Amino acid sequence: MVADSALRAMTDDGAFRVVAVRTTDTARGVIDAQKLRGETARVMAELITGTILVRETMAPALRVQGILQGAHKTGVLVADSWPDGGTRGLAQVPKAHAGDVSLGDGAVLQMMRTMPRGAVHQGLIAVPKAATVSDALMTYMQESEQVASMIAVGAVLDGDRIVAAGGYLVQLLPELKPELLMVMTERLKDFPSIGALLRDEATTPDTLVAELFYAMPHTRLSDSPLAYRCRCDSVRLLATMATLPRADIQEMVDEGKALEIQCDYCGREYQIEPEQLRGLLAPS
C-alpha cells in the first residue's frame with residue numbers, strides 16, 4: 001500500500017526544484033474528523049496539499065498554517081502542517097452557510113509560518129477572481145514569497161470520500177536560463193491535469209518527478225513521510241487552562257464537577273477532574 005509522502009528533487013544544472021506529494025490519507029483524516037462533504041471537502045484536501053507543499057519549500061523546522069477565508073463569509077478552512085510531517089485541519093462554516101466554502105470574488109488566502117524561536121511570519125493575498133486553490137497558491141508564492149512557482153494541487157472524490165489527493169510545486173531557481181524556462185513552460189502546457197494524474201493509481205511522487213523532469217538530469221534530494229496527526233493531549237490542554245485567570249479556575253474547582261472538553265481538530269474528548277484543576281492553583 002502506498003503511503004503519503006513528500007519527495008524533493010532538483011535538476012543537476014540548478015534551474016528547477018520540485019516537490020511532489022501524495023496526501024490522500026492525510027486529507028482523508030482531516031475530512032473525516034471535520035465531517036466535510038462535497039466541494040468543501042475537495043477544497044480542504046487541496047488546501048492541505050498546498051500547505052504541505054509550501055512548508056516543504058521552507059526550512060525544515062518551520063510549522064506552516066494555510067488559512068482560506070471563503071468569499072461572502074461562507075466559512076474558514078485551516079490546514080496546519082508541522083515539521084514532522086503531521087498535518088491536521090479545521091473547518092469553521094457558519095450555519096447560515098451550511099453549503100460549500102466559496103472561492104469566489106472576496107476569498108482570501110493567508111499563510112503563517114512559525115519561526116524556530118516562536119516569531120510568526122505571515123502573508124496575505126486576495127484570491128484571484130475565478131481562481132482555483134492552485135492559482136491562489138501560485139499568487140501567494142509570487143506576491144508574498146517573491147518566488148516564481150508553478151503549483152498544481154488536486155483531489156479526487158467518490159461521493160464524499162477522498163479517493164486520491166496530491167500535487168506538485170516547481171520552483172524556478174537563480175541558475176535558470178531562458179531556454180530552459182521555455183522547455184519547462186511547454187512541458188507543463190501539455191502536462192496532464194493534476195486530476196487526471198491522481199485518477200491513475202500508478203501516480204506517486206516518484207512518477208510525478210520523473211515526468212516533470214523527463215530527459216532532464218536531476219537528483220533526488222530527500223523524501224519524508226506525511227500523515228494526518230492531531231497535536232492535542234491532556235498535558236497541552238492543562239497547559240492552556242493554566243493561562244486562565246485564577247478566579248476562573250477556582251470557580252471550576254468549587255463546582256466539583258469534571259470538565260469535559262472536545263478537541264476542535266480531531267473531536268477527541270477529554271475529561272479534566274477537579275483535582276487536576278486544583279493542581280493549577282498550587283504555588284509555583
# chains A, B, ... in the order shown; residues from 1 in each chain; ligands from 1
$ select_by_dssp --residues "region 28-74 of chain A" --states "alpha helix (DSSP H)" --output "list in words"
Arg28, Gly29, Val30, Ile31, Asp32, Ala33, Gln34, Gly38, Glu39, Thr40, Ala41, Arg42, Val43, Met44, Ala45, Glu46, Leu47, Ile48, Thr49, Gly50, Thr51, Ile52, Leu53, Val54, Arg55 and Glu56 of chain A
$ residues_around --residues "region 175-188 of chain A" --least-positions-apart "2" --cutoff "12 Å" --atoms "only C-alpha atoms" --output "JSON, numbers by chain"
{"A": [10, 11, 12, 13, 14, 15, 16, 17, 18, 148, 149, 150, 151, 152, 168, 169, 170, 171, 172, 173, 190, 191, 192, 193, 194, 208, 211, 212, 213, 214, 215, 216]}
$ residues_around --residues "Gly104 (chain A)" --least-positions-apart "3" --cutoff "10 Å" --atoms "only C-alpha atoms" --output "VMD selection string"
chain A and resid 70 to 72 101 107 to 108 127 to 132
$ residues_around --residues "region 115-123 of chain A" --least-positions-apart "6" --cutoff "9 Å" --atoms "only C-alpha atoms" --output "list in words"
Ala61, Leu62, Arg63, Leu109, Tyr140, Glu143, Ser144 and Glu145 of chain A
$ residues_around --residues "Leu198 (chain A)" --least-positions-apart "2" --cutoff "12 Å" --atoms "only C-alpha atoms" --output "PyMOL selection string"
chain A and resi 21-24+152-157+162-168+192-196+200-205+207-208
$ closest_residue --among "A:Thr49, A:Ser222, A:Ser81, A:Gln92" --to "Leu137 (chain A)" --atoms "only C-alpha atoms"
A:Thr49
